[in-house]
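A.B. asks: One file is attached below, coords.cif, containing mmCIF, C-alpha atoms.
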data_model
#
loop_
_atom_site.label_atom_id
_atom_site.label_comp_id
_atom_site.auth_asym_id
_atom_site.auth_seq_id
_atom_site.Cartn_x
_atom_site.Cartn_y
_atom_site.Cartn_z
CA MET C 156 -32.29 -19.74 -117.72
CA PHE C 157 -28.62 -20.67 -117.33
CA CYS C 158 -27.86 -17.10 -116.29
CA THR C 159 -30.53 -17.20 -113.53
CA VAL C 160 -29.08 -20.41 -112.07
CA LYS C 161 -25.59 -18.87 -112.07
CA TYR C 162 -26.97 -15.77 -110.30
CA LYS C 163 -28.75 -17.95 -107.70
CA VAL C 164 -25.54 -19.91 -106.96
CA LYS C 165 -23.56 -16.68 -106.64
CA SER C 166 -26.17 -15.18 -104.35
CA SER C 167 -26.34 -18.22 -102.08
CA MET C 168 -22.51 -18.28 -101.93
CA LYS C 169 -22.60 -14.66 -100.74
CA VAL C 170 -25.14 -15.51 -98.04
CA LEU C 171 -23.07 -18.51 -96.96
CA THR C 172 -19.88 -16.40 -96.78
CA THR C 173 -21.66 -13.73 -94.74
CA LEU C 174 -23.06 -16.37 -92.39
CA LEU C 175 -19.61 -17.89 -91.97
CA TRP C 176 -18.11 -14.49 -91.17
CA LEU C 177 -20.87 -13.82 -88.64
CA ALA C 178 -20.33 -17.21 -86.99
CA LEU C 179 -16.59 -16.59 -86.81
CA ALA C 180 -17.07 -13.09 -85.41
CA SER C 181 -19.47 -14.27 -82.69
CA ALA C 182 -17.12 -17.15 -81.79
CA SER C 183 -14.19 -14.75 -81.28
CA TYR C 184 -16.46 -12.34 -79.37
CA ALA C 185 -17.47 -15.18 -77.04
CA GLN C 186 -13.81 -16.01 -76.40
CA MET C 187 -12.80 -12.42 -75.63
CA LEU C 188 -13.41 -10.82 -72.26
CA ARG C 189 -15.68 -7.82 -72.21
CA GLN C 190 -13.83 -4.56 -71.53
CA THR C 191 -15.75 -1.89 -69.66
CA TYR C 192 -15.17 1.72 -68.70
CA LEU C 193 -15.80 2.54 -65.03
CA SER C 194 -18.29 5.33 -65.54
CA ASP C 195 -19.97 5.15 -62.10
CA THR C 196 -18.36 8.12 -60.35
CA LEU C 197 -19.05 6.76 -56.88
CA VAL C 198 -17.44 3.38 -57.56
CA ALA C 199 -14.53 5.17 -59.27
CA LYS C 200 -14.08 7.39 -56.21
CA GLU C 201 -14.12 4.43 -53.80
CA LEU C 202 -11.70 2.55 -56.04
CA ARG C 203 -9.31 5.51 -56.08
CA THR C 204 -9.44 5.79 -52.26
CA PHE C 205 -8.86 2.03 -51.99
CA LEU C 206 -5.80 2.17 -54.27
CA ILE C 207 -4.31 5.08 -52.32
CA ASP C 208 -4.88 3.24 -49.00
CA CYS C 209 -3.22 0.09 -50.35
CA TYR C 210 -0.24 2.12 -51.57
CA LYS C 211 0.07 3.94 -48.23
CA ALA C 212 0.04 0.61 -46.37
CA ASN C 213 2.54 -0.97 -48.72
CA PRO C 214 4.25 0.94 -51.57
CA THR C 215 4.67 -2.34 -53.51
CA TYR C 216 0.97 -2.00 -54.38
CA GLY C 217 1.72 1.23 -56.25
CA GLU C 218 3.48 -0.65 -59.03
CA LYS C 219 2.22 -4.18 -58.53
CA GLY C 220 -1.08 -5.93 -57.97
CA VAL C 221 -4.36 -6.69 -59.67
CA VAL C 222 -7.70 -5.47 -58.33
CA TYR C 223 -10.89 -7.49 -57.94
CA LEU C 224 -14.17 -5.55 -57.97
CA ILE C 225 -16.95 -7.90 -56.87
CA TYR C 226 -20.63 -6.91 -56.96
CA HIS C 227 -22.51 -8.87 -54.28
CA SER C 228 -26.25 -9.40 -54.42
CA ASN C 229 -28.42 -7.41 -52.00
CA SER C 230 -31.74 -7.98 -50.33
CA SER C 231 -32.84 -4.44 -51.06
CA ASP C 232 -32.86 -2.67 -54.45
CA SER C 233 -31.49 0.52 -52.95
CA LEU C 234 -28.38 -1.19 -51.55
CA VAL C 235 -25.30 -1.96 -53.63
CA THR C 236 -22.54 -3.99 -52.00
CA ILE C 237 -19.14 -4.14 -53.62
CA GLN C 238 -15.98 -5.82 -52.47
CA LEU C 239 -12.58 -4.43 -53.41
CA TYR C 240 -9.64 -6.74 -53.13
CA GLN C 241 -6.06 -6.41 -54.32
CA ALA C 242 -3.60 -9.29 -54.70
CA LEU C 243 0.03 -9.47 -55.77
CA ASP C 244 -0.25 -12.86 -57.48
CA ASP C 245 -2.21 -14.29 -60.40
CA ARG C 246 -4.61 -16.40 -58.31
CA TYR C 247 -7.54 -15.34 -60.51
CA LYS C 248 -6.46 -17.86 -63.13
CA TYR C 249 -7.39 -20.68 -60.72
CA PHE C 250 -10.94 -19.34 -60.15
CA ALA C 251 -13.67 -21.52 -61.66
CA TYR C 252 -15.00 -18.69 -63.82
CA PRO C 253 -13.47 -15.75 -65.66
CA PRO C 254 -14.45 -12.23 -64.61
CA ALA C 255 -17.64 -10.87 -66.16
CA SER C 256 -15.57 -7.99 -67.58
CA TYR C 257 -12.36 -6.08 -66.99
CA ALA C 258 -11.38 -2.41 -66.96
CA HIS C 259 -8.29 -0.22 -66.89
CA PHE C 260 -8.19 2.30 -64.07
CA LEU C 261 -5.27 4.42 -62.78
CA GLU C 262 -2.62 2.15 -64.33
CA LYS C 263 -4.30 -0.94 -62.86
CA VAL C 264 -6.28 -3.76 -64.40
CA ILE C 265 -9.61 -4.26 -62.60
CA LEU C 266 -11.29 -7.66 -62.80
CA ILE C 267 -15.05 -7.26 -62.38
CA TYR C 268 -17.21 -10.09 -61.01
CA HIS C 269 -20.93 -10.31 -60.30
CA GLY C 270 -20.74 -12.61 -57.31
CA PHE C 271 -18.32 -15.41 -58.07
CA TYR C 272 -20.50 -16.86 -60.80
CA ASN C 273 -20.44 -16.52 -64.52
CA SER C 274 -22.40 -18.29 -67.20
CA SER C 275 -19.33 -19.37 -69.15
CA ASP C 276 -16.14 -21.23 -68.26
CA TRP C 277 -12.66 -19.93 -68.98
CA THR C 278 -11.22 -20.28 -72.44
CA GLU C 279 -7.46 -20.53 -72.97
CA GLU C 280 -7.62 -17.29 -75.02
CA GLN C 281 -9.19 -15.41 -72.10
CA ARG C 282 -6.59 -16.66 -69.63
CA THR C 283 -3.68 -15.82 -71.93
CA PHE C 284 -5.17 -12.45 -72.81
CA LEU C 285 -5.52 -11.40 -69.15
CA LEU C 286 -2.04 -12.65 -68.25
CA GLU C 287 -0.60 -10.53 -71.07
CA GLU C 288 -2.73 -7.48 -70.17
CA ILE C 289 -1.69 -7.63 -66.50
CA GLY C 290 1.89 -8.73 -67.29
CA SER C 291 4.56 -8.39 -64.62
CA ARG C 292 2.23 -6.49 -62.27
CA VAL C 293 1.62 -9.83 -60.53
CA GLN C 294 3.78 -12.70 -59.34
CA THR C 295 3.15 -16.24 -60.49
CA THR C 296 1.32 -18.32 -57.87
CA GLN C 297 3.48 -21.05 -56.34
CA SER C 298 2.45 -24.69 -56.83
CA ARG C 299 4.98 -26.15 -54.39
CA ASP C 300 4.02 -27.42 -50.93
CA ALA C 301 4.82 -25.63 -47.70
CA GLY C 302 8.54 -25.26 -47.03
CA TRP C 303 10.45 -26.50 -43.99
CA VAL C 304 11.26 -24.87 -40.68
CA GLU C 305 14.06 -25.96 -38.36
CA THR C 306 14.57 -24.83 -34.79
CA TYR C 307 17.73 -25.37 -32.75
CA ARG C 308 18.86 -25.70 -29.18
CA ARG C 309 21.38 -23.26 -27.72
CA ASN C 310 24.26 -25.61 -28.57
CA GLY C 311 23.19 -25.63 -32.24
CA SER C 312 21.71 -29.14 -32.27
CA LEU C 313 18.41 -29.68 -34.09
CA LYS C 314 15.35 -29.29 -31.86
CA ALA C 315 12.50 -29.67 -34.37
CA ARG C 316 11.85 -29.83 -38.12
CA TYR C 317 8.34 -29.27 -39.47
CA GLN C 318 6.52 -27.96 -42.53
CA LYS C 319 5.61 -24.29 -42.38
CA VAL C 320 1.95 -23.51 -42.90
CA ILE C 321 1.42 -19.97 -44.14
CA PRO C 322 -1.72 -18.58 -42.51
CA PRO C 323 -4.28 -16.74 -44.67
CA PRO C 324 -3.12 -13.14 -45.14
CA ASP C 325 -4.32 -10.37 -42.92
CA ASP C 326 -6.07 -8.66 -45.78
CA THR C 327 -6.56 -5.23 -44.28
CA PRO C 328 -6.47 -2.78 -46.04
CA PHE C 329 -6.26 -4.81 -49.23
CA ASN C 330 -9.75 -6.26 -48.89
CA ARG C 331 -12.76 -4.13 -48.05
CA PHE C 332 -16.51 -4.16 -48.39
CA ILE C 333 -18.40 -1.05 -49.41
CA GLN C 334 -22.15 -0.74 -49.06
CA ILE C 335 -23.82 2.04 -51.00
CA ASN C 336 -27.35 3.13 -50.24
CA THR C 337 -28.45 4.62 -53.56
CA ARG C 338 -31.54 6.20 -51.94
CA THR C 339 -29.83 8.05 -49.05
CA GLY C 340 -26.39 8.27 -50.61
CA GLN C 341 -24.71 6.76 -47.56
CA VAL C 342 -21.46 4.83 -48.06
CA THR C 343 -20.39 2.27 -45.46
CA VAL C 344 -16.87 0.88 -45.56
CA ARG C 345 -15.61 -2.10 -43.63
CA PRO C 346 -12.09 -3.45 -44.00
CA ARG C 347 -12.19 -7.22 -43.76
CA THR C 348 -9.98 -7.96 -40.78
CA ASP C 349 -11.36 -11.30 -39.64
CA GLY C 350 -11.52 -13.26 -42.90
CA GLY C 351 -15.25 -13.12 -42.06
CA SER C 352 -18.17 -14.55 -43.92
CA LEU C 353 -19.51 -13.01 -47.08
CA SER C 354 -23.06 -13.32 -45.79
CA ASN C 355 -22.51 -10.76 -43.06
CA PRO C 356 -19.69 -8.52 -44.20
CA PHE C 357 -20.89 -5.53 -42.19
CA ALA C 358 -20.67 -6.83 -38.64
CA SER C 359 -18.77 -3.77 -37.45
CA THR C 360 -18.71 -0.70 -39.59
CA SER C 361 -17.41 2.79 -40.05
CA THR C 362 -19.79 5.08 -41.86
CA ARG C 363 -19.24 8.17 -43.91
CA LYS C 364 -21.65 10.36 -45.82
CA ARG C 365 -21.58 10.29 -49.58
CA HIS C 366 -20.42 13.60 -51.03
CA ARG C 367 -22.35 14.54 -54.11
CA MET W 38 37.55 -64.15 -52.20
CA MET W 39 34.60 -63.23 -49.93
CA TYR W 40 36.74 -60.65 -48.13
CA ARG W 41 37.60 -59.03 -51.51
CA SER W 42 33.93 -58.83 -52.54
CA THR W 43 32.95 -57.10 -49.27
CA PHE W 44 35.82 -54.64 -49.72
CA VAL W 45 34.57 -53.76 -53.25
CA LYS W 46 31.01 -53.30 -51.92
CA VAL W 47 32.18 -50.96 -49.15
CA LEU W 48 34.25 -48.98 -51.65
CA LEU W 49 31.25 -48.67 -53.98
CA LEU W 50 29.02 -47.45 -51.13
CA LEU W 51 31.62 -44.88 -50.14
CA ILE W 52 31.80 -43.54 -53.71
CA ILE W 53 27.98 -43.28 -53.91
CA ALA W 54 27.85 -41.53 -50.52
CA THR W 55 30.52 -39.02 -51.57
CA SER W 56 28.78 -38.17 -54.85
CA THR W 57 25.44 -37.59 -53.02
CA TYR W 58 27.22 -35.43 -50.48
CA GLY W 59 28.83 -33.43 -53.29
CA GLN W 60 25.45 -32.67 -54.82
CA LYS W 61 23.93 -31.44 -51.57
CA LEU W 62 24.33 -27.96 -50.21
CA GLU W 63 26.10 -27.56 -46.93
CA LYS W 64 23.80 -26.60 -44.07
CA VAL W 65 25.22 -24.34 -41.40
CA HIS W 66 24.04 -23.00 -38.07
CA ILE W 67 24.31 -19.22 -37.73
CA SER W 68 26.35 -19.09 -34.56
CA ASP W 69 27.99 -15.64 -34.90
CA PRO W 70 25.98 -13.60 -32.34
CA LEU W 71 26.60 -10.33 -34.21
CA ILE W 72 25.28 -11.69 -37.53
CA ALA W 73 22.36 -13.40 -35.75
CA LYS W 74 21.45 -10.14 -34.01
CA GLU W 75 21.60 -8.11 -37.25
CA LEU W 76 19.64 -10.76 -39.15
CA LYS W 77 16.94 -10.72 -36.47
CA LYS W 78 16.75 -6.93 -36.71
CA PHE W 79 16.62 -7.05 -40.51
CA LEU W 80 13.76 -9.60 -40.52
CA LYS W 81 11.80 -7.54 -38.00
CA HIS W 82 12.29 -4.40 -40.08
CA CYS W 83 11.12 -6.14 -43.28
CA THR W 84 7.97 -7.45 -41.57
CA LYS W 85 7.24 -4.05 -40.08
CA THR W 86 7.46 -2.47 -43.54
CA ASP W 87 5.46 -5.18 -45.29
CA ALA W 88 3.54 -7.74 -43.22
CA GLN W 89 3.72 -10.45 -45.87
CA TYR W 90 7.48 -10.77 -45.24
CA GLY W 91 6.54 -12.20 -41.85
CA HIS W 92 5.60 -15.53 -43.43
CA ARG W 93 6.93 -15.24 -46.96
CA GLY W 94 10.30 -14.53 -48.49
CA VAL W 95 13.78 -15.97 -48.72
CA VAL W 96 16.86 -14.22 -47.35
CA MET W 97 20.17 -13.93 -49.17
CA LEU W 98 23.21 -13.20 -47.01
CA THR W 99 26.36 -12.26 -48.94
CA LEU W 100 29.76 -12.15 -47.28
CA ARG W 101 31.61 -9.54 -49.34
CA PRO W 102 35.31 -10.04 -50.23
CA ASP W 103 37.39 -9.59 -47.11
CA THR W 104 39.90 -7.08 -48.49
CA ASP W 105 39.62 -4.22 -46.00
CA ASP W 106 41.74 -4.24 -42.82
CA GLU W 107 39.30 -2.20 -40.78
CA TYR W 108 35.84 -3.29 -41.93
CA ARG W 109 34.01 -6.30 -43.22
CA PHE W 110 30.86 -6.02 -45.31
CA VAL W 111 27.81 -8.25 -45.23
CA SER W 112 24.78 -7.75 -47.50
CA LEU W 113 21.26 -8.86 -46.67
CA TYR W 114 18.42 -9.07 -49.19
CA GLN W 115 15.00 -10.54 -48.89
CA ARG W 116 12.90 -11.52 -51.91
CA LEU W 117 9.36 -12.78 -52.30
CA ASP W 118 10.07 -14.81 -55.43
CA ASP W 119 12.36 -17.69 -56.34
CA SER W 120 14.63 -15.61 -58.60
CA PHE W 121 17.63 -16.99 -56.65
CA LYS W 122 17.38 -20.05 -58.90
CA ASN W 123 18.52 -17.86 -61.82
CA ARG W 124 21.67 -16.77 -59.94
CA LEU W 125 24.69 -18.86 -58.99
CA PRO W 126 24.12 -21.31 -56.13
CA PRO W 127 24.79 -20.30 -52.53
CA HIS W 128 27.75 -21.84 -50.72
CA TYR W 129 25.66 -22.73 -47.67
CA TYR W 130 22.14 -22.45 -46.38
CA ALA W 131 20.76 -22.08 -42.87
CA HIS W 132 17.42 -22.05 -41.06
CA PHE W 133 16.85 -18.99 -38.94
CA GLN W 134 13.60 -17.79 -37.31
CA GLU W 135 11.34 -19.77 -39.69
CA LYS W 136 13.27 -18.49 -42.72
CA VAL W 137 15.71 -20.14 -45.07
CA ILE W 138 18.92 -18.10 -45.40
CA LEU W 139 21.02 -18.57 -48.53
CA ILE W 140 24.66 -17.73 -47.80
CA TYR W 141 26.97 -16.57 -50.57
CA ASP W 142 30.65 -16.28 -49.64
CA GLN W 143 32.47 -14.11 -52.17
CA ASN W 144 35.81 -15.23 -50.75
CA LYS W 145 35.18 -18.77 -52.02
CA PRO W 146 35.13 -20.21 -55.54
CA ILE W 147 31.75 -20.58 -57.25
CA TYR W 148 30.49 -23.79 -58.82
CA PRO W 149 27.45 -24.15 -61.07
CA TRP W 150 24.13 -25.48 -59.77
CA THR W 151 23.24 -29.14 -59.92
CA GLU W 152 19.57 -29.98 -60.51
CA GLU W 153 19.50 -31.77 -57.13
CA GLN W 154 20.68 -28.64 -55.31
CA LYS W 155 18.13 -26.43 -57.02
CA ASN W 156 15.21 -28.79 -56.36
CA PHE W 157 16.33 -29.38 -52.80
CA LEU W 158 16.34 -25.64 -52.03
CA LEU W 159 13.05 -25.01 -53.84
CA ASP W 160 11.42 -27.76 -51.74
CA GLU W 161 13.05 -26.53 -48.53
CA ILE W 162 11.73 -22.99 -49.14
CA GLY W 163 8.41 -24.21 -50.60
CA ASN W 164 5.49 -21.80 -50.94
CA ARG W 165 7.25 -19.10 -48.92
CA VAL W 166 8.13 -17.64 -52.34
CA TYR W 167 6.22 -16.95 -55.56
CA VAL W 168 7.49 -18.25 -58.88
CA ALA W 169 9.56 -15.47 -60.49
CA GLN W 170 7.53 -13.69 -63.17
CA THR W 171 8.74 -14.07 -66.75
CA LYS W 172 6.04 -12.05 -68.48
CA PRO W 173 6.86 -8.58 -69.80
CA ALA W 174 5.21 -5.48 -68.36
CA GLY W 175 1.44 -5.31 -68.76
CA TRP W 176 -0.66 -2.70 -70.54
CA ILE W 177 -2.04 0.66 -69.45
CA GLU W 178 -5.01 2.47 -70.94
CA THR W 179 -6.00 6.05 -70.28
CA TYR W 180 -9.32 7.65 -71.24
CA HIS W 181 -10.86 10.98 -72.13
CA PRO W 182 -13.62 12.26 -69.78
CA ASP W 183 -16.25 10.88 -72.19
CA GLY W 184 -14.80 7.40 -71.80
CA SER W 185 -13.12 7.17 -75.20
CA LEU W 186 -9.61 5.73 -75.37
CA LYS W 187 -6.85 8.35 -75.04
CA ALA W 188 -3.73 6.16 -75.02
CA ARG W 189 -2.64 2.54 -74.70
CA TYR W 190 0.97 1.71 -73.87
CA GLN W 191 3.06 -0.90 -72.15
CA LYS W 192 3.82 -0.23 -68.50
CA VAL W 193 7.48 0.39 -67.74
CA ASN W 194 8.72 -1.38 -64.62
CA MET W 195 10.03 1.31 -62.30
CA LEU W 196 13.46 0.87 -60.78
CA THR W 197 13.70 1.95 -57.17
CA PHE W 198 16.62 4.10 -56.19
CA GLY W 199 17.76 5.28 -52.79
CA GLY W 200 17.56 2.00 -50.91
CA SER W 201 14.98 -0.40 -49.70
CA PRO W 202 14.32 -1.98 -46.30
CA PHE W 203 14.58 -5.37 -48.00
CA ASP W 204 18.14 -4.80 -49.21
CA ILE W 205 20.86 -3.52 -46.86
CA THR W 206 24.62 -3.80 -46.41
CA LEU W 207 26.23 -3.97 -42.97
CA LYS W 208 29.60 -2.31 -42.46
CA ILE W 209 31.15 -4.02 -39.45
CA ASN W 210 34.19 -2.61 -37.69
CA LYS W 211 36.47 -5.60 -37.13
CA LYS W 212 37.93 -4.24 -33.90
CA THR W 213 35.03 -2.51 -32.16
CA LYS W 214 32.26 -4.69 -33.77
CA LYS W 215 30.29 -1.50 -34.34
CA VAL W 216 27.77 -1.86 -37.19
CA THR W 217 26.75 0.87 -39.60
CA TYR W 218 24.16 0.37 -42.32
CA LEU W 219 24.67 1.07 -45.99
CA TYR W 220 21.36 0.94 -47.79
CA SER W 221 21.44 -0.26 -51.37
CA VAL W 222 21.54 2.44 -54.02
#
Reformat the file's structure so that it appears as structure tokens.
C.D. replies:
Amino acid sequence: MFCTVKYKVKSSMKVLTTLLWLALASASYAQMLRQTYLSDTLVAKELRTFLIDCYKANPTYGEKGVVYLIYHSNSSDSLVTIQLYQALDDRYKYFAYPPASYAHFLEKVILIYHGFYNSSDWTEEQRTFLLEEIGSRVQTTQSRDAGWVETYRRNGSLKARYQKVIPPPDDTPFNRFIQINTRTGQVTVRPRTDGGSLSNPFASTSTRKRHR
Amino acid sequence: MMYRSTFVKVLLLLIIATSTYGQKLEKVHISDPLIAKELKKFLKHCTKTDAQYGHRGVVMLTLRPDTDDEYRFVSLYQRLDDSFKNRLPPHYYAHFQEKVILIYDQNKPIYPWTEEQKNFLLDEIGNRVYVAQTKPAGWIETYHPDGSLKARYQKVNMLTFGGSPFDITLKINKKTKKVTYLYSV
């Protein structure tokens, strides 16, 4: 009788320990970002072209920068719209949500979003992890206000002093939308030159046929 | 008695004014037409190479030691981050074409920064520059064709050799004023 009780206590301890381990494991899983491998050959090809174009436009992007791969929702099932964006600073840490997953691709870290929404908020572990993974590839975003500008007359006396407002960057070619028709295989690329709306990213387009 | 008190007050105000002046950096107007012309060219060249230098960046102008009879040397760098705060302070600063120019004169003695000087310059330059990165290089992963991990290693920051459009030295002939360009190596 005594032996049975001892066995029961031991057994329930084992169950409790296992449960605790499982709870701990799922908690750390929830805090970690999901790493994915970019297996879609078409997306990989477009990403490669995008990285080459960025580098050609500005060699700094060869060494530096972090890439955002954003899947936008479509009205049709056969259409996939992705946005590729590359930035030289760590602005992603100020976004409301963490990326859905991340990937390594051609010496770059790719942050993958499904729209700009995610079911969970950032955790400190996720932020720190991404900052370490990306490291010195990006600059730290500035928190200071706009700096000052002074203009002078010909005799060197002060004409005006005002705060400099930096306009939004001309993102081309570091921001582009790609629409993929999975039925016909057509790929449509539009560099975002006007800072235009996300609802109509394909106002003017250049089209090329998908090579299988 | 009243006269003495006013005298002490004036003296005190003068001392306060001098100490504030000592903590501030001296602002200058770039009046040398040759330097102004070269600076304008340099800024244009930087923006042409990388559009973000049009609105961002801080320029460092270094007057090299004047030891040569025939030439004088002036270096121009432009940076997108505030790493200047980790160097010695400039001797002067100037505003030029919507940019802040930090002027280092290597013919003059160097004094350490004061907190006031550093904060003043950081506010004057503002968000034209990023905060200098302190994190080490990030990580790289490579994969086999089946998607399994092949290697994971820390990225090595590449050093650029052979010059950069954001870093040049002017060699100015003192007599003829002819300028030749020595790119950084």
A.B. asks: Taking the file as shown, what set of residues would the PyMOL selection byres ((chain C) within 6 of (chain W)) give back, as a count of residues only?
C.D. replies: 17
A.B. asks: Under the PyMOL selection byres ((chain W and resi 215-220) around 10), which residues of this model are included? Write them out as a PDB file with C-alpha atoms, in the frame of the given file.
C.D. replies:
ATOM      1  CA  LEU W  71      26.600 -10.330 -34.210  1.00  0.00           C
ATOM      2  CA  GLU W  75      21.600  -8.110 -37.250  1.00  0.00           C
ATOM      3  CA  TYR W 108      35.840  -3.290 -41.930  1.00  0.00           C
ATOM      4  CA  ARG W 109      34.010  -6.300 -43.220  1.00  0.00           C
ATOM      5  CA  PHE W 110      30.860  -6.020 -45.310  1.00  0.00           C
ATOM      6  CA  VAL W 111      27.810  -8.250 -45.230  1.00  0.00           C
ATOM      7  CA  SER W 112      24.780  -7.750 -47.500  1.00  0.00           C
ATOM      8  CA  LEU W 113      21.260  -8.860 -46.670  1.00  0.00           C
ATOM      9  CA  GLY W 199      17.760   5.280 -52.790  1.00  0.00           C
ATOM     10  CA  GLY W 200      17.560   2.000 -50.910  1.00  0.00           C
ATOM     11  CA  SER W 201      14.980  -0.400 -49.700  1.00  0.00           C
ATOM     12  CA  PRO W 202      14.320  -1.980 -46.300  1.00  0.00           C
ATOM     13  CA  PHE W 203      14.580  -5.370 -48.000  1.00  0.00           C
ATOM     14  CA  ASP W 204      18.140  -4.800 -49.210  1.00  0.00           C
ATOM     15  CA  ILE W 205      20.860  -3.520 -46.860  1.00  0.00           C
ATOM     16  CA  THR W 206      24.620  -3.800 -46.410  1.00  0.00           C
ATOM     17  CA  LEU W 207      26.230  -3.970 -42.970  1.00  0.00           C
ATOM     18  CA  LYS W 208      29.600  -2.310 -42.460  1.00  0.00           C
ATOM     19  CA  ILE W 209      31.150  -4.020 -39.450  1.00  0.00           C
ATOM     20  CA  ASN W 210      34.190  -2.610 -37.690  1.00  0.00           C
ATOM     21  CA  LYS W 211      36.470  -5.600 -37.130  1.00  0.00           C
ATOM     22  CA  LYS W 212      37.930  -4.240 -33.900  1.00  0.00           C
ATOM     23  CA  THR W 213      35.030  -2.510 -32.160  1.00  0.00           C
ATOM     24  CA  LYS W 214      32.260  -4.690 -33.770  1.00  0.00           C
ATOM     25  CA  SER W 221      21.440  -0.260 -51.370  1.00  0.00           C
ATOM     26  CA  VAL W 222      21.540   2.440 -54.020  1.00  0.00           C
TER      27      VAL W 222
END
A.B. asks: One decimal, in Å: what's the spacing between CA of Gly217 (chain C) and CA of Gln341 (chain C)?
C.D. replies: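 Atom-to-atom, CA of Gly217 (chain C) to CA of Gln341 (chain C), that is 28.4 Å.
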A.B. asks: Taking the file as shown, find all residues satisfying the PyMOL selection byres ((chain C and resi 335) around 9) and write them as an mmCIF file with C-alpha atoms, in the frame of the given file.
C.D. replies:
data_model
loop_
_atom_site.group_PDB
_atom_site.id
_atom_site.type_symbol
_atom_site.label_atom_id
_atom_site.label_comp_id
_atom_site.auth_asym_id
_atom_site.auth_seq_id
_atom_site.Cartn_x
_atom_site.Cartn_y
_atom_site.Cartn_z
ATOM 1 C CA LEU C 197 -19.050 6.760 -56.880
ATOM 2 C CA SER C 233 -31.490 0.520 -52.950
ATOM 3 C CA LEU C 234 -28.380 -1.190 -51.550
ATOM 4 C CA VAL C 235 -25.300 -1.960 -53.630
ATOM 5 C CA THR C 236 -22.540 -3.990 -52.000
ATOM 6 C CA ILE C 237 -19.140 -4.140 -53.620
ATOM 7 C CA ILE C 333 -18.400 -1.050 -49.410
ATOM 8 C CA GLN C 334 -22.150 -0.740 -49.060
ATOM 9 C CA ASN C 336 -27.350 3.130 -50.240
ATOM 10 C CA THR C 337 -28.450 4.620 -53.560
ATOM 11 C CA ARG C 338 -31.540 6.200 -51.940
ATOM 12 C CA THR C 339 -29.830 8.050 -49.050
ATOM 13 C CA GLY C 340 -26.390 8.270 -50.610
ATOM 14 C CA GLN C 341 -24.710 6.760 -47.560
ATOM 15 C CA VAL C 342 -21.460 4.830 -48.060
ATOM 16 C CA THR C 343 -20.390 2.270 -45.460
ATOM 17 C CA VAL C 344 -16.870 0.880 -45.560
ATOM 18 C CA ARG C 365 -21.580 10.290 -49.580
#
A.B. asks: So what do you get for CA of Lys74 (chain W) versus CA of Pro214 (chain C), distance-wise?
C.D. replies: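 Atom-to-atom, CA of Lys74 (chain W) and CA of Pro214 (chain C) are spaced 27.0 Å apart.
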A.B. asks: I'd like the interatomic distance between CA of Lys187 (chain W) and CA of Glu279 (chain C), to a tenth of an Å.
C.D. replies: 29.0 Å
A.B. asks: Given all atoms listed in the file as the basis, pick out the residue of W:Lys77, W:His181, W:Lys85, W:Arg116 nearest to Leu139 (chain W).
C.D. replies: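 Ranking W:Lys77, W:His181, W:Lys85, W:Arg116 by distance to Leu139 (chain W), first place goes to W:Arg116.
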A.B. asks: Pick the closest to Tyr129 (chain W) from W:Gln115, W:Thr99, W:Thr151, W:Thr84: which is it, counting only C-alpha atoms?
C.D. replies: W:Thr99
A.B. asks: Go ahead and find all residues with at least one atom no further than 8 Å from (-3.7, -2.0, -61.6) in the file's coordinates, using only C-alpha atoms; report them as a list in words.
C.D. replies: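 Residues with an atom close enough to that point: Glu218, Lys219, Gly220, Val221, Val222, His259, Phe260, Leu261, Glu262, Lys263, Val264, Ile265, Ile289 and Arg292 of chain C.
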A.B. asks: Would you kindly return, as a list in words, each protein, DNA or RNA residue with an atom no farther than 8 Å from any atom of Arg189 (chain C), considering only C-alpha atoms and excluding same-chain residues fewer than 3 positions away?
C.D. replies: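 Counting only the stated atoms, we get Ala255, Ser256 and Tyr257 of chain C.
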